[in-house]
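Structure file query.cif; described as mmCIF, C-alpha atoms and all ligand atoms.
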data_structure
loop_
_atom_site.label_atom_id
_atom_site.label_comp_id
_atom_site.auth_asym_id
_atom_site.auth_seq_id
_atom_site.Cartn_x
_atom_site.Cartn_y
_atom_site.Cartn_z
CA ASP T 631 116.56 105.35 113.63
CA ALA T 632 113.04 106.59 114.21
CA LEU T 633 111.71 103.06 113.92
CA GLY T 634 114.15 101.69 116.49
CA GLY T 635 111.63 100.99 119.19
CA LYS T 636 109.25 99.19 116.92
CA MET T 637 111.97 97.28 115.15
CA ALA T 638 113.00 95.96 118.54
CA LEU T 639 109.58 94.37 118.84
CA VAL T 640 110.09 92.26 115.77
CA GLY T 641 113.85 91.94 115.62
CA ARG T 642 114.99 93.22 112.26
CA ARG T 643 111.73 92.22 110.61
CA TRP T 644 108.79 94.32 109.58
CA PHE T 645 105.26 93.83 110.83
CA GLY T 646 102.87 95.87 108.71
CA GLN T 647 99.26 96.51 107.87
CA ALA T 648 97.32 97.66 104.84
CA THR T 649 94.94 100.52 105.48
CA GLU T 650 93.67 103.84 104.11
CA SER T 651 93.47 107.33 105.57
CA TYR T 652 89.67 107.45 105.26
CA THR T 653 89.32 104.26 107.29
CA LEU T 654 91.66 105.63 109.97
CA ASP T 655 89.81 108.97 110.02
CA GLY T 656 86.44 107.31 110.42
CA ASP T 657 87.20 104.89 113.25
CA ALA T 658 89.13 106.14 116.28
CA ALA T 659 89.36 102.76 118.02
CA TYR T 660 90.72 101.20 114.84
CA ALA T 661 93.19 104.05 114.32
CA ALA T 662 94.48 103.70 117.88
CA ILE T 663 95.52 100.10 117.26
CA ALA T 664 96.91 100.91 113.82
CA GLY T 665 98.95 103.89 114.95
CA ALA T 666 101.62 105.03 117.31
CA ALA T 667 99.40 104.56 120.34
CA SER T 668 100.00 100.85 119.90
CA VAL T 669 103.36 99.22 119.35
CA GLU T 670 102.12 96.62 116.90
CA PHE T 671 103.05 97.94 113.49
CA ASN T 672 106.15 99.48 111.95
CA ARG T 673 105.04 99.56 108.31
CA VAL T 674 101.94 100.39 106.30
CA THR T 675 100.67 99.72 102.75
CA PRO T 676 97.94 101.71 101.01
CA GLU T 677 95.27 99.12 100.25
CA ASN T 678 94.00 100.90 97.13
CA SER T 679 95.01 104.54 96.93
CA MET T 680 98.23 104.15 94.95
CA LYS T 681 96.72 101.90 92.29
CA TRP T 682 96.63 103.29 88.77
CA GLU T 683 92.88 104.08 88.66
CA THR T 684 93.23 106.29 91.74
CA ILE T 685 96.64 107.87 91.25
CA GLU T 686 96.39 108.61 87.49
CA PRO T 687 92.62 108.77 86.87
CA GLN T 688 93.03 110.68 83.59
CA PRO T 689 95.95 110.41 81.15
CA GLY T 690 98.86 112.34 82.59
CA VAL T 691 96.72 113.73 85.43
CA PHE T 692 97.91 112.49 88.81
CA ASP T 693 96.00 112.60 92.08
CA PHE T 694 98.23 112.01 95.08
CA THR T 695 95.67 113.21 97.64
CA LEU T 696 94.92 109.88 99.31
CA GLY T 697 98.43 108.52 98.94
CA ASP T 698 99.90 111.65 100.51
CA LYS T 699 97.47 111.43 103.43
CA LEU T 700 98.53 107.90 104.20
CA VAL T 701 102.23 108.74 103.90
CA ALA T 702 101.74 111.69 106.29
CA TRP T 703 99.92 109.40 108.72
CA ALA T 704 102.73 106.86 108.46
CA GLN T 705 105.36 109.49 109.19
CA ALA T 706 103.39 110.81 112.15
CA ASN T 707 103.15 107.26 113.47
CA ASP T 708 106.75 106.14 112.87
CA GLN T 709 105.84 103.64 110.18
CA ALA T 710 107.59 102.93 106.90
CA VAL T 711 105.54 102.68 103.70
CA ARG T 712 105.31 99.96 101.04
CA GLY T 713 104.17 101.40 97.72
CA HIS T 714 101.50 99.29 96.01
CA THR T 715 101.47 99.01 92.98
CA LEU T 716 102.96 100.51 89.82
CA VAL T 717 102.13 97.97 87.09
CA TRP T 718 99.08 95.73 87.45
CA HIS T 719 96.36 94.58 85.04
CA SER T 720 93.64 95.19 87.64
CA GLN T 721 92.17 98.47 88.95
CA LEU T 722 93.32 100.31 85.85
CA PRO T 723 91.49 103.53 84.95
CA SER T 724 88.82 103.22 82.25
CA TRP T 725 90.88 105.26 79.81
CA MET T 726 93.45 102.47 79.77
CA ASN T 727 90.82 99.80 79.10
CA ASN T 728 89.08 101.50 76.18
CA PRO T 729 88.64 98.85 73.45
CA ALA T 730 87.98 101.57 70.88
CA VAL T 731 91.56 102.78 71.26
CA PRO T 732 93.81 99.72 71.30
CA TRP T 733 97.28 100.23 72.62
CA THR T 734 100.36 99.76 70.53
CA ALA T 735 103.91 99.53 71.79
CA ALA T 736 104.49 103.06 70.52
CA THR T 737 101.52 104.53 72.40
CA LEU T 738 101.69 102.49 75.61
CA LYS T 739 105.41 102.70 76.38
CA PRO T 740 105.48 106.47 77.08
CA VAL T 741 102.30 106.15 79.17
CA LEU T 742 103.87 103.41 81.29
CA GLU T 743 107.13 105.30 81.64
CA ASN T 744 105.44 108.53 82.66
CA HIS T 745 103.26 106.70 85.19
CA ILE T 746 106.15 104.92 86.87
CA ARG T 747 108.55 107.85 86.86
CA THR T 748 105.98 110.36 88.10
CA VAL T 749 104.71 108.21 90.97
CA VAL T 750 108.12 107.01 92.18
CA ARG T 751 109.57 110.53 91.90
CA HIS T 752 106.68 111.95 93.91
CA TYR T 753 107.35 109.54 96.78
CA LYS T 754 111.14 109.46 96.54
CA GLY T 755 112.61 109.15 100.04
CA LYS T 756 109.16 108.51 101.54
CA ILE T 757 108.48 105.04 100.19
CA ASP T 758 111.28 102.53 100.65
CA GLN T 759 109.62 99.47 99.06
CA TRP T 760 107.70 99.42 95.78
CA ASP T 761 105.61 96.66 94.27
CA VAL T 762 106.74 97.46 90.76
CA VAL T 763 104.89 94.63 89.00
CA ASN T 764 101.92 92.82 90.51
CA GLU T 765 100.45 89.43 89.52
CA MET T 766 102.25 88.86 86.21
CA PHE T 767 102.17 85.04 86.35
CA ASN T 768 99.54 82.37 85.76
CA GLU T 769 99.32 79.29 87.98
CA ASP T 770 101.05 77.13 85.34
CA GLY T 771 104.03 79.50 85.30
CA THR T 772 103.18 81.17 81.99
CA TYR T 773 102.93 84.93 81.80
CA ARG T 774 99.52 86.44 82.42
CA ASP T 775 97.83 87.84 79.32
CA THR T 776 97.58 91.56 80.17
CA ILE T 777 97.80 94.74 78.11
CA PHE T 778 101.40 95.01 79.25
CA TYR T 779 102.46 91.48 78.34
CA ARG T 780 100.46 91.45 75.10
CA THR T 781 102.07 94.69 74.00
CA PHE T 782 105.66 94.27 75.20
CA GLY T 783 106.31 90.66 76.17
CA THR T 784 108.41 90.68 79.33
CA ASP T 785 110.28 93.85 78.33
CA PHE T 786 107.84 95.91 80.38
CA VAL T 787 109.20 94.30 83.53
CA LYS T 788 112.77 95.29 82.69
CA TRP T 789 111.78 98.85 81.79
CA ALA T 790 109.58 99.25 84.87
CA LEU T 791 112.38 98.17 87.19
CA THR T 792 114.88 100.42 85.43
CA TRP T 793 112.65 103.53 85.45
CA ALA T 794 111.66 103.05 89.09
CA HIS T 795 115.30 102.58 90.08
CA GLU T 796 116.40 105.68 88.18
CA GLU T 797 113.79 107.75 90.03
CA ASP T 798 114.61 106.39 93.49
CA PRO T 799 117.80 104.30 93.66
CA ASP T 800 117.25 103.69 97.39
CA ALA T 801 113.86 102.00 97.05
CA LEU T 802 113.71 98.21 97.25
CA LEU T 803 111.91 97.03 94.11
CA PHE T 804 109.54 94.05 94.18
CA ILE T 805 107.66 91.73 91.90
CA ASN T 806 104.60 90.64 93.88
CA ASP T 807 102.11 87.80 93.37
CA TYR T 808 99.69 85.41 95.06
CA ASN T 809 100.27 81.66 95.32
CA PHE T 810 103.94 82.52 95.66
CA GLU T 811 104.25 80.63 98.94
CA TYR T 812 104.51 76.98 97.87
CA ARG T 813 106.73 75.26 95.30
CA GLY T 814 104.99 74.53 92.01
CA PRO T 815 105.06 75.70 88.38
CA LYS T 816 104.28 79.31 89.29
CA VAL T 817 107.01 79.69 91.92
CA ASP T 818 109.59 77.68 90.02
CA THR T 819 109.13 79.52 86.73
CA ALA T 820 108.99 82.89 88.45
CA ALA T 821 112.20 82.12 90.34
CA ALA T 822 113.96 81.28 87.08
CA PHE T 823 112.71 84.51 85.51
CA PHE T 824 113.85 86.52 88.55
CA GLN T 825 117.26 84.85 88.41
CA SER T 826 117.61 85.91 84.77
CA LEU T 827 116.68 89.50 85.66
CA VAL T 828 119.27 89.54 88.43
CA ASN T 829 121.92 87.99 86.18
CA GLU T 830 121.22 90.62 83.53
CA GLY T 831 121.68 93.37 86.11
CA TYR T 832 118.10 94.65 86.43
CA PRO T 833 117.41 96.31 89.78
CA LEU T 834 114.98 93.73 91.16
CA GLY T 835 115.57 93.52 94.91
CA ALA T 836 112.83 91.38 96.37
CA VAL T 837 109.94 89.02 95.85
CA GLY T 838 106.56 89.82 97.38
CA CYS T 839 104.54 86.78 98.39
CA GLN T 840 100.98 87.99 99.01
CA ALA T 841 100.06 85.05 101.27
CA HIS T 842 96.27 85.13 100.95
CA LEU T 843 95.95 81.72 102.58
CA ILE T 844 93.25 79.34 103.83
CA VAL T 845 92.81 77.99 107.35
CA GLY T 846 93.86 74.34 107.55
CA GLN T 847 95.94 74.57 104.40
CA VAL T 848 99.05 76.21 105.84
CA SER T 849 102.22 74.17 106.12
CA GLN T 850 105.38 75.69 107.55
CA ALA T 851 107.56 73.16 105.73
CA GLY T 852 105.80 73.81 102.42
CA ILE T 853 106.04 77.58 102.73
CA THR T 854 109.65 77.41 103.86
CA ALA T 855 110.47 75.44 100.71
CA GLY T 856 108.64 77.96 98.52
CA LEU T 857 110.30 80.97 100.12
CA GLN T 858 113.69 79.24 99.96
CA LYS T 859 113.28 78.80 96.19
CA PHE T 860 113.13 82.59 95.87
CA ALA T 861 115.81 83.19 98.50
CA ASP T 862 118.16 80.96 96.48
CA THR T 863 118.19 83.64 93.78
CA GLY T 864 119.72 86.02 96.35
CA LEU T 865 116.61 88.21 96.38
CA LEU T 866 114.95 89.42 99.56
CA LEU T 867 111.41 88.34 100.43
CA TYR T 868 108.37 89.79 102.10
CA LEU T 869 104.92 88.39 102.94
CA THR T 870 103.05 91.37 101.57
CA GLU T 871 99.27 90.83 101.94
CA VAL T 872 98.75 88.26 104.66
CA ASP T 873 95.34 86.93 105.59
CA ILE T 874 94.28 83.36 106.44
CA ARG T 875 90.58 82.93 105.76
CA TYR T 876 88.04 80.30 106.73
CA GLU T 877 86.30 78.67 103.80
CA ILE T 878 83.73 76.64 105.70
CA GLY T 879 80.74 78.95 105.22
CA ARG T 880 80.63 80.44 108.70
CA GLY T 881 81.21 84.00 107.65
CA ASN T 882 83.36 86.83 108.95
CA ASP T 883 82.71 86.72 112.71
CA ILE T 884 85.14 84.54 114.65
CA ALA T 885 82.38 83.98 117.24
CA ASN T 886 80.79 81.60 114.70
CA TYR T 887 83.77 79.25 114.80
CA THR T 888 84.53 76.44 117.24
CA THR T 889 87.43 76.47 119.67
CA SER T 890 89.38 74.00 117.58
CA GLN T 891 88.75 76.01 114.40
CA VAL T 892 90.02 79.13 116.14
CA ALA T 893 93.06 77.19 117.34
CA GLN T 894 93.72 75.97 113.79
CA GLN T 895 93.93 79.54 112.51
CA ALA T 896 96.32 80.46 115.32
CA LYS T 897 98.51 77.49 114.39
CA ASP T 898 98.45 78.56 110.74
CA TYR T 899 99.57 82.09 111.62
CA TYR T 900 102.28 80.64 113.85
CA GLU T 901 103.59 78.44 111.05
CA LEU T 902 103.47 81.21 108.46
CA THR T 903 105.33 83.61 110.76
CA ASN T 904 107.93 80.98 111.54
CA ALA T 905 108.42 80.19 107.86
CA CYS T 906 109.43 83.81 107.31
CA LEU T 907 111.57 83.96 110.44
CA ALA T 908 113.44 80.82 109.41
CA ILE T 909 114.72 82.49 106.26
CA ASP T 910 117.25 85.28 106.68
CA ASN T 911 116.14 86.94 103.43
CA CYS T 912 112.52 87.26 104.61
CA LEU T 913 112.08 90.86 105.77
CA GLY T 914 108.72 90.45 107.45
CA MET T 915 105.02 90.46 106.83
CA THR T 916 102.12 92.81 106.34
CA LEU T 917 98.50 92.00 107.20
CA TRP T 918 96.02 92.96 104.48
CA GLU T 919 94.10 95.09 106.99
CA TYR T 920 94.76 93.92 110.52
CA THR T 921 91.10 93.34 111.40
CA ASP T 922 88.18 91.36 110.00
CA LYS T 923 86.18 94.58 110.30
CA TYR T 924 87.79 95.97 107.14
CA SER T 925 88.98 92.83 105.36
CA TRP T 926 88.39 92.55 101.61
CA ILE T 927 87.85 88.79 101.91
CA PRO T 928 84.09 88.50 102.66
CA GLY T 929 83.30 90.89 99.82
CA VAL T 930 85.13 88.72 97.32
CA TRP T 931 84.38 85.15 98.46
CA ASP T 932 80.89 84.87 99.90
CA GLY T 933 80.65 83.09 103.25
CA THR T 934 84.40 83.12 103.81
CA GLY T 935 86.26 85.42 106.17
CA ALA T 936 87.44 85.94 109.74
CA ALA T 937 90.91 85.96 108.18
CA LEU T 938 92.81 88.47 110.33
CA PRO T 939 94.34 88.37 113.81
CA TRP T 940 91.90 91.02 115.11
CA ASP T 941 88.17 90.24 114.87
CA VAL T 942 85.25 92.42 113.73
CA ARG T 943 85.04 93.97 117.22
CA LEU T 944 88.77 94.81 117.09
CA ASP T 945 89.49 92.19 119.74
CA LYS T 946 92.67 90.15 119.39
CA LYS T 947 92.26 86.49 118.49
CA PRO T 948 94.53 83.56 119.39
CA ALA T 949 96.04 84.18 115.93
CA TYR T 950 97.50 87.45 117.25
CA THR T 951 99.05 85.70 120.24
CA ALA T 952 100.46 83.06 117.92
CA ILE T 953 102.25 85.66 115.79
CA MET T 954 103.70 87.33 118.87
CA GLU T 955 104.84 83.97 120.23
CA ALA T 956 106.61 83.22 116.96
CA ILE T 957 108.27 86.63 116.88
C1 LIG N 1001 92.24 94.47 97.02
C2 LIG N 1001 91.71 95.45 98.05
O1 LIG N 1001 91.91 94.92 99.32
C3 LIG N 1001 90.25 95.72 97.80
O2 LIG N 1001 89.78 96.76 98.66
C4 LIG N 1001 90.01 96.11 96.35
O3 LIG N 1001 88.61 96.23 96.12
C5 LIG N 1001 90.59 95.08 95.41
O4 LIG N 1001 91.97 94.91 95.71
N1 LIG N 1001 96.00 91.37 95.50
C6 LIG N 1001 96.49 92.65 95.55
C7 LIG N 1001 95.73 93.71 96.25
O5 LIG N 1001 97.62 92.89 95.10
O6 LIG N 1001 95.90 94.98 95.66
C8 LIG N 1001 94.26 93.38 96.34
O7 LIG N 1001 93.64 94.37 97.17
C9 LIG N 1001 94.07 92.00 96.89
C10 LIG N 1001 94.71 90.98 96.00
#

Please express the file's structure as structure tokens.
Ligand code: XIL
Amino acid sequence: DALGGKMALVGRRWFGQATESYTLDGDAAYAAIAGAASVEFNRVTPENSMKWETIEPQPGVFDFTLGDKLVAWAQANDQAVRGHTLVWHSQLPSWMNNPAVPWTAATLKPVLENHIRTVVRHYKGKIDQWDVVNEMFNEDGTYRDTIFYRTFGTDFVKWALTWAHEEDPDALLFINDYNFEYRGPKVDTAAAFFQSLVNEGYPLGAVGCQAHLIVGQVSQAGITAGLQKFADTGLLLYLTEVDIRYEIGRGNDIANYTTSQVAQQAKDYYELTNACLAIDNCLGMTLWEYTDKYSWIPGVWDGTGAALPWDVRLDKKPAYTAIMEAI
């Protein structure tokens, strides 16, 4: 297939990146590494442009401009596309969060159905993996209190999977979350819920483990056990939003870190990559932006950062070499 050459680089696994067309357009050196000129990546995820607030900014009014640009870029650069994300409590448009007009099951269900069907139909055949539901669990394994859960209980998950599958039966459908890498109440309860969905015949195909991790807190054995818990359900797996940040107050420039701190991050990337490779069901991993230059991390957690394998100057770190060694 068209991806043959790049797939050879990583065996049968995917190595992806999150990005956006406007970032690629504005930075030629960055785009060269991201695109076909390099052989690094065989898959791409839109970091923001397919989220509800962007893709359906007004009720029933869809804006595929940015999503279409990224899909066209992906096709021109021989990269597959992960769709992110159909149902999420965050980055919803303001019209969905209007307290003056509370949702009822009768009013929200057709809105949800139209959103999912319209977006999946638009990208049918162009997007082969969809994060159907994002971040639906709390750390203690209970369901997150969102407009979707409050209104429908867990039925929204079953409907979302069914509608997405009806629109594109070939797409691999995911439930995606953070802190999905290590055993604990969240992973164990989610795995049981996923098993019940599979047993009941819902078209869930894979679990997305975001893998927003912290330097010095990565354990290959621990992650292998977490991933195996999901793999035991028969579902496929993917590390969907990988970054491994420093939390020691030295900021986003790797030049501020000592040799041993840099080596620790490389080791952490090596262990994470190997944890995926050790499990047949793990399809690969995607970096949440490949470079510190465009990482979301420093903007969210002050003083943290330097989380990606390429630094703010677009130079490769030992973390990059570690991933390639593992592969
Ligand atoms: C983040 C983006 O990277 C930021 O640019 C945006 O401001 C907020 O969202 N989990 C997810 C992603 O599923 O969609 C989030 O992406 C990071 C956490």

| said: I'd like to know which of T:Val848, T:Leu944, T:Leu867, T:Ala885 is closest to Met915 (chain T), using all atoms listed in the file. | reply: T:Leu867

| said: Need to verify the contact set: Lys816 (chain T), 6 Å, only C-alpha atoms, exclusion of same-chain residues closer than 5 positions in sequence. Can you return it as a VMD selection string? | reply: chain T and resid 769 to 771

Each residue of chain T with at least one atom at most 9 Å from ligand LIG 1001 (chain N) should appear once, together with its nearest atom pair and the corresponding distance in Å (one decimal); atoms considered: only C-alpha atoms and all ligand atoms; ordering: chain, then increasing residue number; output as a Markdown table.
| residue | atom | partner | partner_atom | distance |
| --- | --- | --- | --- | --- |
| T:Ala648 | CA | N:LIG1001 | O1 | 8.2 |
| T:Thr649 | CA | N:LIG1001 | O1 | 8.9 |
| T:Pro676 | CA | N:LIG1001 | O6 | 8.8 |
| T:Glu677 | CA | N:LIG1001 | O1 | 5.5 |
| T:Asn678 | CA | N:LIG1001 | C2 | 6.0 |
| T:Lys681 | CA | N:LIG1001 | O6 | 7.7 |
| T:His714 | CA | N:LIG1001 | O6 | 7.1 |
| T:Thr715 | CA | N:LIG1001 | O6 | 7.4 |
| T:Trp718 | CA | N:LIG1001 | O5 | 8.3 |
| T:Ser720 | CA | N:LIG1001 | O4 | 8.2 |
| T:Gln721 | CA | N:LIG1001 | C5 | 7.5 |
| T:Asp761 | CA | N:LIG1001 | O5 | 8.9 |
| T:Asn764 | CA | N:LIG1001 | O5 | 6.3 |
| T:Glu765 | CA | N:LIG1001 | O5 | 7.1 |
| T:Asn806 | CA | N:LIG1001 | O5 | 7.4 |
| T:Asp807 | CA | N:LIG1001 | O5 | 7.0 |
| T:Tyr808 | CA | N:LIG1001 | N1 | 7.0 |
| T:Gln840 | CA | N:LIG1001 | N1 | 7.0 |
| T:His842 | CA | N:LIG1001 | C10 | 7.8 |
| T:Thr870 | CA | N:LIG1001 | O5 | 8.6 |
| T:Glu871 | CA | N:LIG1001 | C6 | 7.2 |
| T:Trp918 | CA | N:LIG1001 | O1 | 6.9 |
| T:Glu919 | CA | N:LIG1001 | O1 | 8.0 |
| T:Tyr924 | CA | N:LIG1001 | O2 | 8.7 |
| T:Ser925 | CA | N:LIG1001 | O1 | 7.0 |
| T:Trp926 | CA | N:LIG1001 | O1 | 4.8 |
| T:Ile927 | CA | N:LIG1001 | O1 | 7.8 |
| T:Gly929 | CA | N:LIG1001 | O3 | 8.4 |
| T:Val930 | CA | N:LIG1001 | O3 | 8.4 |

| task | Would you mind listing what lies within 9 Å of Tyr753 (chain T) as a PyMOL selection string, with only C-alpha atoms counted and same-chain residues fewer than 6 positions away left out? | result | chain T and resi 698+701+713+798

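The closest residue to Leu913 (chain T), picked from T:Val837, T:Ala949, T:Ala667, T:Met680 and counting only C-alpha atoms, is T:Val837.
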